[in-house]
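What follows is target-v6.cif (mmCIF, C-alpha atoms).
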data_final
loop_
_atom_site.label_atom_id
_atom_site.label_comp_id
_atom_site.auth_asym_id
_atom_site.auth_seq_id
_atom_site.Cartn_x
_atom_site.Cartn_y
_atom_site.Cartn_z
CA MET A 2 -65.54 250.65 250.28
CA ASP A 3 -63.51 248.94 253.04
CA LYS A 4 -61.86 245.66 252.20
CA ALA A 5 -60.88 242.85 254.48
CA ASN A 6 -58.19 240.38 253.53
CA GLY A 7 -57.37 237.11 255.27
CA LYS A 8 -54.72 234.45 255.02
CA LEU A 9 -53.95 231.25 256.89
CA THR A 10 -50.46 229.77 256.93
CA VAL A 11 -50.02 226.27 258.35
CA TYR A 12 -46.46 225.11 258.98
CA PHE A 13 -44.45 222.73 261.14
CA GLU A 14 -42.81 224.31 264.16
CA GLU A 15 -41.05 221.58 266.13
CA PRO A 16 -42.86 219.58 267.63
CA PHE A 17 -46.31 220.81 266.49
CA TRP A 18 -48.16 222.01 263.42
CA VAL A 19 -49.08 225.67 263.80
CA GLY A 20 -51.59 227.86 261.99
CA VAL A 21 -51.20 231.63 261.73
CA PHE A 22 -54.29 233.60 260.76
CA GLU A 23 -53.48 237.01 259.26
CA ARG A 24 -56.29 239.54 258.92
CA ILE A 25 -55.96 242.92 257.20
CA GLU A 26 -58.75 245.42 257.77
CA ASP A 27 -58.55 249.15 257.07
CA GLY A 28 -54.79 248.93 256.41
CA LYS A 29 -54.12 247.26 259.79
CA LEU A 30 -52.73 243.75 260.20
CA SER A 31 -53.68 241.57 263.15
CA VAL A 32 -52.63 237.99 263.74
CA ALA A 33 -53.81 234.95 265.68
CA LYS A 34 -51.74 231.81 266.26
CA VAL A 35 -53.23 228.34 266.71
CA THR A 36 -51.46 225.09 267.60
CA PHE A 37 -52.91 222.08 265.81
CA GLY A 38 -50.66 219.34 267.19
CA ALA A 39 -50.66 216.61 264.52
CA GLU A 40 -50.63 217.65 260.87
CA PRO A 41 -54.17 218.80 260.11
CA LYS A 42 -56.00 217.58 257.03
CA ASP A 43 -57.61 220.16 254.73
CA TYR A 44 -61.10 219.31 255.95
CA GLU A 45 -59.94 219.63 259.57
CA VAL A 46 -58.57 223.12 258.87
CA GLN A 47 -61.81 224.12 257.15
CA GLU A 48 -63.86 222.81 260.05
CA TYR A 49 -61.61 224.63 262.53
CA ILE A 50 -62.10 227.89 260.63
CA ARG A 51 -65.86 227.36 260.46
CA LYS A 52 -66.19 226.54 264.18
CA TYR A 53 -63.58 228.70 265.89
CA TYR A 54 -62.66 231.66 263.64
CA SER A 55 -65.07 233.99 265.44
CA SER A 56 -63.54 233.13 268.83
CA LEU A 57 -59.89 233.59 267.78
CA LYS A 58 -57.92 236.13 269.82
CA PHE A 59 -56.26 238.41 267.29
CA SER A 60 -53.28 240.57 268.22
CA LEU A 61 -53.33 244.34 268.39
CA ALA A 62 -53.42 245.81 264.89
CA VAL A 63 -50.16 246.86 263.23
CA ASP A 64 -50.04 249.30 260.29
CA THR A 65 -49.34 247.64 256.97
CA VAL A 66 -49.35 248.56 253.29
CA VAL A 67 -52.19 247.01 251.32
CA LYS A 68 -51.64 246.67 247.61
CA ASP A 69 -54.77 246.52 245.49
CA ILE A 70 -53.77 244.95 242.20
CA LYS A 71 -55.60 242.86 239.66
CA ARG A 72 -53.72 239.63 239.14
CA ASN A 73 -53.58 237.10 236.39
CA PRO A 74 -55.12 233.80 237.67
CA LYS A 75 -52.10 231.80 236.53
CA ARG A 76 -49.75 234.18 238.38
CA MET A 77 -51.87 233.80 241.52
CA GLN A 78 -51.61 230.03 241.15
CA ARG A 79 -47.80 230.23 240.82
CA GLU A 80 -47.59 232.51 243.87
CA ALA A 81 -49.76 230.12 245.89
CA LYS A 82 -47.47 227.24 244.90
CA LYS A 83 -44.40 229.30 245.84
CA GLN A 84 -45.93 230.13 249.24
CA MET A 85 -46.60 226.43 249.79
CA GLN A 86 -42.85 225.81 249.43
CA GLU A 87 -41.94 228.52 251.92
CA THR A 88 -42.39 227.99 255.61
CA GLY A 89 -43.11 230.55 258.26
CA ILE A 90 -44.82 233.90 258.27
CA GLY A 91 -44.02 237.49 257.34
CA THR A 92 -42.15 240.01 259.44
CA LYS A 93 -45.22 242.16 260.10
CA SER A 94 -47.08 239.08 261.30
CA GLN A 95 -44.21 238.17 263.61
CA GLN A 96 -44.29 241.70 265.06
CA ALA A 97 -48.03 241.43 265.64
CA LEU A 98 -47.62 238.02 267.31
CA LYS A 99 -44.84 239.40 269.51
CA LEU A 100 -47.11 242.29 270.52
CA GLN A 101 -49.85 239.81 271.40
CA GLN A 102 -47.44 237.70 273.47
CA GLU A 103 -46.28 240.79 275.38
CA GLN A 104 -49.88 241.83 276.01
CA ASN A 105 -50.77 238.34 277.27
CA LYS A 106 -47.65 238.35 279.48
CA GLN A 107 -48.67 241.68 281.05
CA GLU A 108 -52.22 240.43 281.65
CA ARG A 109 -50.88 237.23 283.22
CA LYS A 110 -48.57 239.23 285.51
CA VAL A 111 -51.44 241.43 286.66
CA ARG A 112 -53.70 238.43 287.29
CA SER A 113 -51.03 236.53 289.25
CA ARG A 114 -50.16 239.62 291.29
CA GLU A 115 -53.85 240.16 292.16
CA LYS A 116 -54.22 236.47 293.07
CA LYS A 117 -51.12 236.61 295.26
CA GLU A 118 -52.39 239.71 297.07
CA ALA A 119 -55.83 238.13 297.53
CA ASP A 120 -54.23 234.97 298.96
CA LYS A 121 -52.07 237.06 301.29
CA LEU A 122 -55.11 238.98 302.51
CA ARG A 123 -57.09 235.76 302.97
CA MET A 124 -54.27 234.22 305.03
CA PHE A 125 -54.04 237.39 307.14
CA GLU A 126 -57.80 237.28 307.78
CA LEU A 127 -57.57 233.59 308.76
CA LYS A 128 -54.78 234.33 311.24
CA GLN A 129 -56.75 237.21 312.71
CA GLN A 130 -59.81 235.02 313.05
CA LYS A 131 -57.79 232.30 314.80
CA LYS A 132 -56.32 234.88 317.19
CA ARG A 133 -59.82 236.16 318.01
CA GLU A 134 -61.07 232.62 318.63
CA LYS A 135 -58.07 231.80 320.81
CA HIS A 136 -58.59 234.92 322.97
CA LYS A 137 -62.35 234.37 323.16
CA GLY A 138 -61.85 231.05 324.91
CA HIS A 139 -59.75 232.61 327.72
#

Write the structure described by the file as structure tokens, please.
Amino acid sequence: MDKANGKLTVYFEEPFWVGVFERIEDGKLSVAKVTFGAEPKDYEVQEYIRKYYSSLKFSLAVDTVVKDIKRNPKRMQREAKKQMQETGIGTKSQQALKLQQEQNKQERKVRSREKKEADKLRMFELKQQKKREKHKGH
């Protein structure tokens, strides 16, 4: 049976509050980063998850080790409290976010290059059209 595991870390990253969604499926970790702005209340985070989770853009999956252990409820509570004290996200998550940023950067470069070429071609066509009109009148 395949298991999916998810985690949301909300922390302050000057000057905004940021949420990092970590999703582990089939031993692969993917991450999505969201900027909240002002410190979100619990109900606001829950509503955000309910409304927008399906439309989040997760990074490319990175291999990770998934430990399947039964935990004592009190230990889980202590670990949750400890995680509340820590800020930031794990190394694997940072790698996945970096991968996503690089991918977005490449896509942006391709889009801007295509737009630039299209604009260049459009300007060339305009000049040609003006030349034709100018010579037509003579």

Worksheet item: Could you pull the residues within 8 Å of Glu23 in chain A, counting only C-alpha atoms, minus those fewer than 3 positions along the same chain, as a list in words?
Response: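 Once the nearby chain positions are removed, what remains is Gly7, Lys8, Leu9, Leu30, Ser31, Val32, Ala33 and Ser94 of chain A.
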
Worksheet item: So what does the PyMOL selection byres ((chain A and resi 100-116) around 10) actually pick up in this one, as a ChimeraX atom specification?
Response: /A:31-34,58-63,94-99,117-122

Discussion item. Quick check, in Å to one decimal: how far apart do CA of Met124 in chain A and CA of His136 in chain A lie?
Written reply: 18.5 Å

Item to complete: Kindly give the distance, in Å, that separates CA of Ile50 in chain A and CA of Arg72 in chain A, rounded to a single decimal.
Response: 25.9 Å

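For the pair CA of Tyr12 in chain A and CA of Glu45 in chain A, the separation is 14.6 Å.
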
Item to complete: Kindly resolve the PyMOL selection byres ((chain A and resi 38) around 7) on the present coordinates and return the residues as a list in words.
Response: Phe17, Trp18, Thr36, Phe37, Ala39 and Glu40 of chain A

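Among the candidates A:Asn73, A:Thr10, A:Thr92, A:Gln130, the residue lying nearest to Val46 in chain A is A:Thr10 (atoms considered: all atoms listed in the file).
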
Practice prompt. Rank A:Pro16, A:Lys82, A:Glu134, A:Phe22 by their smallest atom-to-atom distance to Ser55 in chain A, using all atoms listed in the file, and report the top residue only.
Written response: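 Closest to Ser55 in chain A of all the choices is A:Phe22.
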